[in-house]
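Pasted below: coords_28.txt, compact mmCIF, C-alpha atoms.
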# COMPACT_ATOMS: atom_id res chain seq x y z
CA MET Z 1 -124.43 43.44 2.53
CA ASP Z 2 -123.21 44.74 5.90
CA GLN Z 3 -123.07 41.19 7.21
CA LEU Z 4 -121.02 40.14 4.19
CA MET Z 5 -118.57 43.02 4.73
CA ASP Z 6 -118.22 42.10 8.41
CA THR Z 7 -117.42 38.55 7.42
CA VAL Z 8 -114.78 39.73 4.98
CA ARG Z 9 -113.20 42.00 7.58
CA ARG Z 10 -113.13 39.17 10.13
CA ALA Z 11 -111.68 36.66 7.66
CA PRO Z 12 -108.02 35.85 8.35
CA ALA Z 13 -105.38 37.09 5.95
CA ALA Z 14 -104.39 34.69 3.24
CA THR Z 15 -101.42 32.53 4.21
CA PRO Z 16 -98.98 30.75 1.91
CA PRO Z 17 -99.61 27.05 1.34
CA PRO Z 18 -97.83 24.81 3.89
CA MET Z 19 -95.52 23.40 1.22
CA ALA Z 20 -94.36 26.88 0.19
CA ARG Z 21 -93.69 27.87 3.81
CA LEU Z 22 -91.85 24.63 4.39
CA ARG Z 23 -89.71 25.14 1.31
CA ARG Z 24 -88.70 28.63 2.43
CA ALA Z 25 -87.90 27.40 5.92
CA ILE Z 26 -85.69 24.56 4.68
CA SER Z 27 -83.97 26.99 2.28
CA LEU Z 28 -83.17 29.24 5.23
CA PHE Z 29 -81.45 26.36 7.00
CA PHE Z 30 -79.37 25.61 3.89
CA ALA Z 31 -78.38 29.28 3.63
CA LEU Z 32 -77.59 29.42 7.34
CA ASP Z 33 -75.32 26.40 7.04
CA GLY Z 34 -73.29 27.98 4.24
CA PHE Z 35 -73.25 31.38 5.98
CA VAL Z 36 -71.98 30.06 9.33
CA PHE Z 37 -69.38 27.74 7.85
CA ALA Z 38 -67.97 30.41 5.52
CA GLY Z 39 -67.87 32.90 8.38
CA TRP Z 40 -65.81 30.46 10.43
CA VAL Z 41 -63.43 29.66 7.59
CA VAL Z 42 -62.44 33.28 6.96
CA ARG Z 43 -61.37 33.63 10.63
CA ILE Z 44 -59.11 30.57 10.66
CA PRO Z 45 -55.94 32.67 10.11
CA ALA Z 46 -56.82 34.88 13.09
CA ILE Z 47 -57.57 31.85 15.27
CA LYS Z 48 -54.19 30.38 14.25
CA GLU Z 49 -52.43 33.49 15.53
CA GLN Z 50 -54.52 33.52 18.70
CA ILE Z 51 -53.51 29.99 19.73
CA HIS Z 52 -49.93 30.37 18.41
CA ALA Z 53 -50.21 27.12 16.46
CA SER Z 54 -47.86 25.88 13.77
CA ALA Z 55 -49.24 24.91 10.38
CA GLY Z 56 -49.04 21.23 11.29
CA ALA Z 57 -50.78 21.69 14.64
CA LEU Z 58 -53.51 23.75 13.02
CA GLY Z 59 -54.01 21.07 10.37
CA LEU Z 60 -54.49 18.42 13.05
CA ALA Z 61 -56.93 20.65 14.93
CA LEU Z 62 -58.97 21.28 11.78
CA LEU Z 63 -59.38 17.53 11.38
CA GLY Z 64 -61.83 17.82 14.27
CA VAL Z 65 -64.42 19.26 11.86
CA SER Z 66 -63.99 16.31 9.52
CA VAL Z 67 -63.99 13.63 12.20
CA GLY Z 68 -67.02 15.11 13.95
CA SER Z 69 -68.93 15.49 10.69
CA VAL Z 70 -68.37 11.98 9.36
CA ALA Z 71 -69.05 10.33 12.72
CA THR Z 72 -72.30 12.23 13.21
CA MET Z 73 -73.54 11.68 9.66
CA LEU Z 74 -73.62 7.95 10.33
CA LEU Z 75 -75.71 8.54 13.48
CA THR Z 76 -78.03 11.23 12.14
CA GLY Z 77 -79.86 8.87 9.80
CA ARG Z 78 -81.02 6.85 12.80
CA LEU Z 79 -82.04 9.99 14.67
CA CYS Z 80 -84.05 11.17 11.67
CA ARG Z 81 -85.88 7.86 11.42
CA ARG Z 82 -86.68 7.91 15.14
CA TYR Z 83 -87.50 11.57 15.78
CA GLY Z 84 -88.11 12.95 12.28
CA ASN Z 85 -86.08 15.10 9.91
CA HIS Z 86 -87.58 18.40 11.07
CA PRO Z 87 -86.74 18.23 14.81
CA VAL Z 88 -83.22 16.98 14.07
CA THR Z 89 -82.71 19.86 11.62
CA VAL Z 90 -83.73 22.44 14.23
CA VAL Z 91 -81.60 20.94 17.03
CA THR Z 92 -78.47 20.57 14.91
CA ALA Z 93 -78.86 24.10 13.50
CA ALA Z 94 -79.02 25.51 17.02
CA LEU Z 95 -76.00 23.45 18.01
CA LEU Z 96 -74.08 24.67 14.95
CA SER Z 97 -74.90 28.29 15.78
CA LEU Z 98 -73.76 27.92 19.38
CA SER Z 99 -70.59 25.95 18.65
CA VAL Z 100 -69.24 28.31 15.98
CA ALA Z 101 -68.25 30.81 18.70
CA LEU Z 102 -66.24 28.26 20.71
CA PRO Z 103 -63.02 28.38 18.61
CA ALA Z 104 -62.56 32.04 19.59
CA LEU Z 105 -62.41 30.97 23.26
CA THR Z 106 -59.58 28.46 22.81
CA HIS Z 107 -55.90 29.02 23.57
CA SER Z 108 -54.25 25.87 22.26
CA ALA Z 109 -54.43 23.59 19.25
CA LEU Z 110 -55.71 20.75 21.43
CA HIS Z 111 -58.61 22.80 22.77
CA LEU Z 112 -59.39 24.02 19.25
CA GLY Z 113 -59.51 20.45 17.95
CA LEU Z 114 -61.89 19.42 20.73
CA VAL Z 115 -64.38 22.25 20.15
CA LEU Z 116 -64.19 21.64 16.40
CA LEU Z 117 -65.32 18.08 17.04
CA LEU Z 118 -68.56 19.54 18.39
CA PHE Z 119 -68.80 22.07 15.55
CA GLY Z 120 -68.19 19.31 12.98
CA ALA Z 121 -70.76 17.06 14.62
CA ALA Z 122 -73.39 19.78 14.35
CA TYR Z 123 -72.37 20.58 10.77
CA GLY Z 124 -72.53 16.95 9.63
CA GLY Z 125 -75.80 16.28 11.42
CA LEU Z 126 -77.45 19.37 9.97
CA ASN Z 127 -76.35 18.47 6.44
CA VAL Z 128 -77.93 15.04 6.66
CA ALA Z 129 -81.11 16.26 8.37
CA PHE Z 130 -81.97 19.14 6.05
CA ASN Z 131 -81.07 17.14 2.95
CA ALA Z 132 -83.45 14.41 4.13
CA ALA Z 133 -86.14 17.04 4.77
CA ALA Z 134 -85.55 18.52 1.30
CA VAL Z 135 -85.84 15.08 -0.32
CA ASP Z 136 -89.15 14.51 1.49
CA LEU Z 137 -90.48 17.82 0.21
CA ALA Z 138 -89.28 17.17 -3.34
CA GLU Z 139 -91.04 13.80 -3.33
CA ALA Z 140 -94.22 15.39 -1.97
CA VAL Z 141 -94.44 18.17 -4.55
CA ARG Z 142 -93.19 15.82 -7.31
CA ARG Z 143 -90.69 18.41 -8.54
CA PRO Z 144 -86.87 18.27 -8.66
CA ILE Z 145 -86.33 21.21 -6.31
CA LEU Z 146 -83.15 20.07 -4.54
CA PRO Z 147 -80.84 22.33 -6.60
CA SER Z 148 -82.67 25.39 -5.27
CA PHE Z 149 -81.81 24.37 -1.70
CA HIS Z 150 -78.16 23.91 -2.59
CA ALA Z 151 -78.25 27.27 -4.33
CA ALA Z 152 -79.33 28.74 -0.98
CA PHE Z 153 -76.33 27.04 0.64
CA SER Z 154 -73.97 28.49 -1.98
CA ALA Z 155 -75.51 31.94 -1.64
CA GLY Z 156 -75.21 31.78 2.13
CA GLY Z 157 -71.56 30.85 1.76
CA LEU Z 158 -70.90 33.77 -0.56
CA VAL Z 159 -72.58 36.19 1.87
CA GLY Z 160 -70.76 34.70 4.86
CA ALA Z 161 -67.37 34.92 3.17
CA GLY Z 162 -67.99 38.44 1.87
CA LEU Z 163 -69.27 39.71 5.21
CA GLY Z 164 -66.39 38.02 6.99
CA GLY Z 165 -63.90 39.74 4.74
CA LEU Z 166 -65.48 43.10 5.53
CA LEU Z 167 -65.67 42.51 9.29
CA ALA Z 168 -62.27 40.89 9.79
CA PRO Z 169 -60.29 44.17 9.95
CA HIS Z 170 -62.73 45.70 12.42
CA LEU Z 171 -63.93 42.89 14.72
CA SER Z 172 -62.04 40.38 16.78
CA PRO Z 173 -62.71 36.70 16.02
CA LEU Z 174 -64.78 36.41 19.20
CA TRP Z 175 -67.18 39.24 18.35
CA HIS Z 176 -67.43 38.13 14.73
CA LEU Z 177 -68.23 34.54 15.65
CA LEU Z 178 -70.67 35.69 18.34
CA LEU Z 179 -72.43 37.65 15.62
CA LEU Z 180 -72.71 34.42 13.63
CA THR Z 181 -74.13 32.71 16.72
CA ALA Z 182 -76.77 35.39 17.19
CA THR Z 183 -77.72 35.33 13.51
CA GLY Z 184 -77.91 31.56 13.51
CA LEU Z 185 -80.14 31.38 16.58
CA VAL Z 186 -82.52 34.00 15.20
CA VAL Z 187 -82.82 32.16 11.87
CA THR Z 188 -83.22 28.82 13.65
CA ALA Z 189 -85.99 30.20 15.88
CA TYR Z 190 -87.82 31.74 12.92
CA ALA Z 191 -87.51 28.86 10.45
CA GLY Z 192 -87.63 26.18 13.13
CA ARG Z 193 -91.17 27.15 14.12
CA VAL Z 194 -92.31 26.29 10.62
CA LEU Z 195 -90.53 22.94 10.61
CA LEU Z 196 -91.76 21.91 14.05
CA ARG Z 197 -95.36 22.88 13.27
CA THR Z 198 -95.45 21.26 9.84
CA PRO Z 199 -95.68 17.45 9.67
CA PRO Z 200 -93.31 15.72 7.26
CA PRO Z 201 -94.89 15.72 3.79
CA ARG Z 202 -95.81 12.46 2.16
CA PRO Z 203 -94.78 11.53 -1.39
CA GLY Z 204 -97.34 12.74 -3.91
CA PRO Z 205 -98.93 10.44 -6.48
CA GLY Z 206 -97.93 10.18 -10.11
CA PRO Z 207 -94.75 10.95 -12.01
CA ARG Z 208 -92.54 13.87 -11.17
CA ARG Z 209 -92.34 16.98 -13.34
CA ASP Z 210 -89.05 15.69 -14.79
CA GLY Z 211 -90.86 12.61 -16.07
CA THR Z 212 -89.42 10.03 -13.67
CA ASP Z 213 -91.17 7.93 -11.07
CA ALA Z 214 -90.08 7.33 -7.53
CA VAL Z 215 -88.56 3.93 -6.96
CA PRO Z 216 -90.80 1.66 -4.89
CA GLY Z 217 -89.62 0.87 -1.40
CA ARG Z 218 -88.48 4.33 -0.35
CA GLY Z 219 -87.61 4.50 3.33
CA ARG Z 220 -87.42 0.73 3.84
CA ALA Z 221 -84.22 -1.15 4.55
CA THR Z 222 -82.28 -1.20 1.34
CA ARG Z 223 -81.05 -4.52 0.04
CA GLY Z 224 -79.49 -5.95 -3.06
CA ARG Z 225 -79.76 -3.81 -6.14
CA THR Z 226 -81.29 -0.83 -4.33
CA ARG Z 227 -78.39 -0.67 -1.87
CA LEU Z 228 -75.96 -0.86 -4.77
CA LEU Z 229 -77.69 2.02 -6.53
CA ILE Z 230 -77.51 4.17 -3.39
CA THR Z 231 -73.79 3.43 -3.14
CA VAL Z 232 -73.29 4.47 -6.76
CA TYR Z 233 -75.11 7.72 -6.06
CA GLY Z 234 -72.75 8.17 -3.13
CA LEU Z 235 -69.74 7.64 -5.39
CA ILE Z 236 -71.11 10.34 -7.70
CA THR Z 237 -71.25 12.78 -4.79
CA LEU Z 238 -67.69 11.79 -3.87
CA CYS Z 239 -66.41 12.50 -7.38
CA THR Z 240 -68.04 15.92 -7.55
CA ALA Z 241 -67.27 16.96 -3.96
CA TYR Z 242 -63.63 16.05 -4.60
CA GLY Z 243 -63.60 18.74 -7.27
CA GLU Z 244 -65.31 21.34 -5.06
CA GLY Z 245 -62.88 20.82 -2.20
CA ALA Z 246 -59.78 20.65 -4.38
CA LEU Z 247 -60.61 23.72 -6.43
CA ALA Z 248 -61.48 25.72 -3.31
CA ASP Z 249 -58.05 25.06 -1.80
CA TRP Z 250 -55.86 24.95 -4.89
CA GLY Z 251 -57.62 26.95 -7.61
CA SER Z 252 -56.28 30.33 -6.50
CA LEU Z 253 -52.80 28.91 -5.90
CA HIS Z 254 -52.72 27.64 -9.49
CA LEU Z 255 -53.31 31.18 -10.74
CA SER Z 256 -50.70 32.76 -8.49
CA ALA Z 257 -47.99 30.09 -8.74
CA ASP Z 258 -48.35 28.89 -12.33
CA LEU Z 259 -49.70 32.00 -14.07
CA HIS Z 260 -47.90 34.46 -11.72
CA THR Z 261 -50.96 36.61 -11.01
CA GLY Z 262 -51.47 38.91 -8.04
CA PRO Z 263 -53.44 37.86 -4.95
CA GLY Z 264 -56.60 39.70 -6.01
CA THR Z 265 -56.60 38.17 -9.49
CA ALA Z 266 -55.94 34.75 -8.02
CA ALA Z 267 -58.78 35.04 -5.52
CA ALA Z 268 -61.13 36.11 -8.31
CA GLY Z 269 -60.65 32.71 -9.95
CA TYR Z 270 -62.40 30.85 -7.14
CA ALA Z 271 -65.00 33.62 -6.91
CA VAL Z 272 -65.90 32.96 -10.57
CA PHE Z 273 -66.25 29.24 -9.82
CA ALA Z 274 -68.43 29.82 -6.74
CA LEU Z 275 -70.61 32.43 -8.41
CA LEU Z 276 -71.33 30.30 -11.48
CA MET Z 277 -72.10 27.33 -9.27
CA THR Z 278 -74.66 29.39 -7.37
CA VAL Z 279 -76.27 30.69 -10.58
CA SER Z 280 -76.40 27.19 -12.05
CA ARG Z 281 -78.09 25.80 -8.95
CA MET Z 282 -80.68 28.55 -9.06
CA SER Z 283 -81.71 27.32 -12.51
CA GLY Z 284 -81.33 23.64 -11.59
CA THR Z 285 -85.04 22.93 -11.07
CA TRP Z 286 -85.85 24.49 -14.44
CA LEU Z 287 -83.22 22.32 -16.15
CA LEU Z 288 -84.31 19.13 -14.40
CA GLU Z 289 -87.97 19.64 -15.26
CA ARG Z 290 -87.15 20.04 -18.94
CA LEU Z 291 -84.27 17.60 -19.37
CA GLY Z 292 -84.57 15.07 -16.53
CA ASP Z 293 -82.11 13.82 -13.93
CA THR Z 294 -79.80 11.78 -16.12
CA PRO Z 295 -79.13 14.37 -18.88
CA VAL Z 296 -78.38 17.05 -16.28
CA LEU Z 297 -76.12 14.72 -14.31
CA VAL Z 298 -74.24 13.38 -17.33
CA ALA Z 299 -73.97 16.72 -19.13
CA GLY Z 300 -72.90 18.42 -15.90
CA GLY Z 301 -70.12 15.91 -15.31
CA LEU Z 302 -68.85 16.18 -18.88
CA LEU Z 303 -69.03 19.99 -18.84
CA ALA Z 304 -67.05 20.09 -15.60
CA ALA Z 305 -64.47 17.68 -17.06
CA VAL Z 306 -63.92 19.87 -20.12
CA GLY Z 307 -63.90 23.04 -18.04
CA MET Z 308 -61.32 21.74 -15.60
CA LEU Z 309 -59.03 20.56 -18.37
CA VAL Z 310 -59.17 24.09 -19.82
CA GLY Z 311 -58.68 25.67 -16.40
CA ALA Z 312 -55.76 23.45 -15.43
CA LEU Z 313 -53.79 23.40 -18.66
CA SER Z 314 -54.42 26.78 -20.33
CA PRO Z 315 -51.58 29.32 -20.21
CA GLN Z 316 -53.84 32.37 -20.52
CA LEU Z 317 -55.73 33.93 -17.63
CA TRP Z 318 -59.06 34.40 -19.42
CA LEU Z 319 -59.08 30.76 -20.46
CA VAL Z 320 -58.47 29.66 -16.87
CA TYR Z 321 -61.36 31.84 -15.72
CA LEU Z 322 -63.52 30.32 -18.45
CA GLY Z 323 -62.50 26.84 -17.37
CA TYR Z 324 -63.34 27.56 -13.72
CA ALA Z 325 -66.71 28.99 -14.79
CA LEU Z 326 -67.57 25.89 -16.82
CA THR Z 327 -66.49 23.67 -13.94
CA GLY Z 328 -68.81 25.52 -11.57
CA LEU Z 329 -71.70 25.31 -14.02
CA GLY Z 330 -71.13 21.59 -14.52
CA LEU Z 331 -70.59 20.46 -10.93
CA ALA Z 332 -73.38 22.60 -9.46
CA ASN Z 333 -76.35 20.28 -9.93
CA VAL Z 334 -74.62 16.90 -9.92
CA PHE Z 335 -74.40 16.74 -6.12
CA PRO Z 336 -78.08 17.68 -5.49
CA VAL Z 337 -79.28 15.22 -8.13
CA ALA Z 338 -77.22 12.40 -6.61
CA VAL Z 339 -78.35 13.15 -3.04
CA GLY Z 340 -81.95 13.36 -4.23
CA GLY Z 341 -81.67 10.03 -6.03
CA ALA Z 342 -80.18 8.33 -2.98
CA GLY Z 343 -82.86 9.82 -0.73
CA ALA Z 344 -85.67 8.75 -3.08
CA LEU Z 345 -84.35 5.20 -2.90
CA GLY Z 346 -83.49 4.88 0.77
CA GLY Z 347 -84.98 7.79 2.71
CA PRO Z 348 -82.75 9.32 5.41
CA GLN Z 349 -80.35 6.38 5.26
CA GLY Z 350 -79.85 6.97 1.54
CA VAL Z 351 -79.07 10.62 2.26
CA VAL Z 352 -76.59 9.49 4.94
CA VAL Z 353 -74.69 7.30 2.47
CA ALA Z 354 -74.56 9.96 -0.23
CA SER Z 355 -73.65 12.77 2.19
CA THR Z 356 -70.96 10.76 3.96
CA LEU Z 357 -69.28 9.73 0.73
CA GLY Z 358 -69.62 13.27 -0.58
CA TYR Z 359 -67.95 14.72 2.49
CA THR Z 360 -65.23 12.10 2.13
CA GLY Z 361 -64.61 13.49 -1.35
CA ILE Z 362 -64.23 16.99 0.08
CA LEU Z 363 -61.67 15.64 2.54
CA LEU Z 364 -59.74 13.65 -0.08
CA GLY Z 365 -59.54 16.44 -2.66
CA PRO Z 366 -57.11 18.96 -1.12
CA PRO Z 367 -54.50 16.49 0.24
CA SER Z 368 -54.63 14.38 -2.93
CA ILE Z 369 -53.90 17.43 -5.06
CA GLY Z 370 -51.03 18.27 -2.70
CA PHE Z 371 -49.39 14.86 -3.06
CA LEU Z 372 -49.87 14.82 -6.82
CA THR Z 373 -48.48 18.34 -7.12
CA GLU Z 374 -45.20 17.27 -5.56
CA ALA Z 375 -44.87 14.45 -8.07
CA TYR Z 376 -46.32 15.93 -11.28
CA GLY Z 377 -46.93 19.65 -10.74
CA LEU Z 378 -50.14 21.49 -9.88
CA PRO Z 379 -51.61 21.79 -13.42
CA ARG Z 380 -51.49 18.03 -13.95
CA ALA Z 381 -52.75 17.37 -10.44
CA LEU Z 382 -55.81 19.52 -11.11
CA THR Z 383 -56.71 17.35 -14.09
CA THR Z 384 -57.81 14.68 -11.60
CA ILE Z 385 -60.85 16.90 -10.97
CA ALA Z 386 -61.71 16.54 -14.65
CA ALA Z 387 -61.16 12.78 -14.54
CA LEU Z 388 -63.49 12.26 -11.57
CA ALA Z 389 -66.12 14.55 -13.09
CA ALA Z 390 -66.09 12.31 -16.17
CA VAL Z 391 -66.41 9.26 -13.91
CA ALA Z 392 -69.45 10.88 -12.26
CA ALA Z 393 -71.03 11.33 -15.69
CA LEU Z 394 -70.44 7.65 -16.50
CA LEU Z 395 -71.85 6.52 -13.16
CA GLY Z 396 -74.89 8.72 -13.72
CA GLN Z 397 -75.65 6.90 -16.95
CA LEU Z 398 -75.19 3.51 -15.30
CA VAL Z 399 -77.32 4.28 -12.25
CA GLN Z 400 -80.21 5.41 -14.46
CA ARG Z 401 -80.25 2.01 -16.15
CA GLY Z 402 -80.22 0.35 -12.75
CA ARG Z 403 -83.17 2.42 -11.55
CA ARG Z 404 -85.20 1.45 -14.58
CA ARG Z 405 -84.59 -2.23 -13.86
CA THR Z 406 -85.47 -1.78 -10.21
CA SER Z 407 -88.70 0.03 -11.13
CA ARG Z 408 -89.70 -2.86 -13.34

Re-express the file's structure as structure tokens.
Amino acid sequence: MDQLMDTVRRAPAATPPPMARLRRAISLFFALDGFVFAGWVVRIPAIKEQIHASAGALGLALLGVSVGSVATMLLTGRLCRRYGNHPVTVVTAALLSLSVALPALTHSALHLGLVLLLFGAAYGGLNVAFNAAAVDLAEAVRRPILPSFHAAFSAGGLVGAGLGGLLAPHLSPLWHLLLLTATGLVVTAYAGRVLLRTPPPRPGPGPRRDGTDAVPGRGRATRGRTRLLITVYGLITLCTAYGEGALADWGSLHLSADLHTGPGTAAAGYAVFALLMTVSRMSGTWLLERLGDTPVLVAGGLLAAVGMLVGALSPQLWLVYLGYALTGLGLANVFPVAVGGAGALGGPQGVVVASTLGYTGILLGPPSIGFLTEAYGLPRALTTIAALAAVAALLGQLVQRGRRRTSR
């Protein structure tokens, strides 16, 4: 008996399964990405004053984030195939954390644009790498868990924006962004140890919990029909990301300019959209396991289309809030489903295609709404979000048929 008790006392404490630890670590990187990016965004007005830039000069400087992101996304797929998704995730997260403090050290629009190229490169690379790692894990556990990772990103963004709003009156941009750097490096060191010590998981056998099977040929060079399906998934991400970017920049302005609300009421409109998107992503795995990819994708696109029509054209404030809420609920899981589908078909390169097209949608949304507003007015311009959400629903139905043929 004494020997048995000694054995029990010497036995190591129970540790979580490797898959569970890996899932938490990847979720931390998603949350960190949203937290750091939101923290940077809320300090843009202060950086503008610091460098004494005009609106046009600032706009050109901010293009550095976009150019750096898109250029690096195309390269990151190759890096992931060569070195692995986990090391690339850790390196790009550290680079993102370090580079977010650089804008506070600039004194001209040109210098700001150059450092934002580096920040954008890290941001784009991290998005591809951790999405590829999340797809690997989802294929290994045979569960549609990608929405939970994107929920972590949304939650991180909400915390980063909220904390930034609280700190902005009390901290200079430099000290605030240095705080983001310190937080990012601590999270990267903690979660990165798990990623670097855990080998990439292999796809598990059998059908997934949502009833679908992985398409044969994952990770190999995509040709013919498979490449076409990945492109369609990318177009779905473009359609939905267009709505996210456009509503983020123009949703509050619609409330203030067209419904003549105060700044607080106008800002609450986007907060409703972001909050409902986060909540919807938290329940995304549950929905996918019970309904499957295609119903969630199609229903999400249609719900967002209806919601945005209500939000754009309704004359009453509560109806606009309702429309924004429905749009957030609908769009929330479309992007993760599309990225997961592209990754299941083509591995990291599939994630690259879907992420690059998705980020292109984010870039196209705000300026497109601006041009359309000048010609037709903001309410009508916002209906393009509804139109593209409906297109995403249609493409989701078509890509499902294509996957069935490819599986056969």

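Minimum atom-to-atom distances from Z:Leu297, Z:Leu259, Z:Leu313, Z:Leu105 to Pro336 of chain Z were compared using only C-alpha atoms, and the lowest value belongs to Z:Leu297.
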
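If you measure from each of Z:Val187, Z:Met308, Z:Ala134, Z:Ala121 to Phe149 of chain Z using all atoms listed in the file, the closest one turns out to be Z:Ala134.
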
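Near (-53.5, 19.6, -10.2), the residues inside the 7 Å limit, counting all atoms listed in the file, come to Ala312, Ile369, Leu372, Thr373, Gly377, Leu378, Pro379, Arg380, Ala381, Leu382, Thr383 and Thr384 of chain Z.
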
task = One decimal, Å: what's the distance from atom CA of Gly64 of chain Z over to atom CA of Ala168 of chain Z, could you say?
result =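 If I compute the distance from atom CA of Gly64 of chain Z to atom CA of Ala168 of chain Z, I get 23.5 Å.
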
request  = Please provide as an MDAnalysis selection string all residues within 9 Å of segment 386-389 of chain Z, with the sequence filter that same-chain residues fewer than 2 positions apart are discarded (counting only C-alpha atoms).
outcome  = chainID Z and resid 236 238:240 242:243 300:309 327 330:331 382:384 391:394

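Ranking Z:Leu117, Z:Ala182, Z:Ala155, Z:Leu137 by their shortest atom-to-atom distance to Asn85 of chain Z, with only C-alpha atoms included, puts Z:Leu137 first.
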
request  = Excluding Leu329 of chain Z and any residue of its chain fewer than 5 positions from it, enumerate the residues within 9 Å of it, using all atoms listed in the file, and give them as a PyMOL selection string.
outcome  = chain Z and resi 273+276-281+300+303-304+324

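Nearest to Pro169 of chain Z of all the residues Z:Arg193, Z:Arg24, Z:Arg43, Z:His107 is Z:Arg43, based on only C-alpha atoms.
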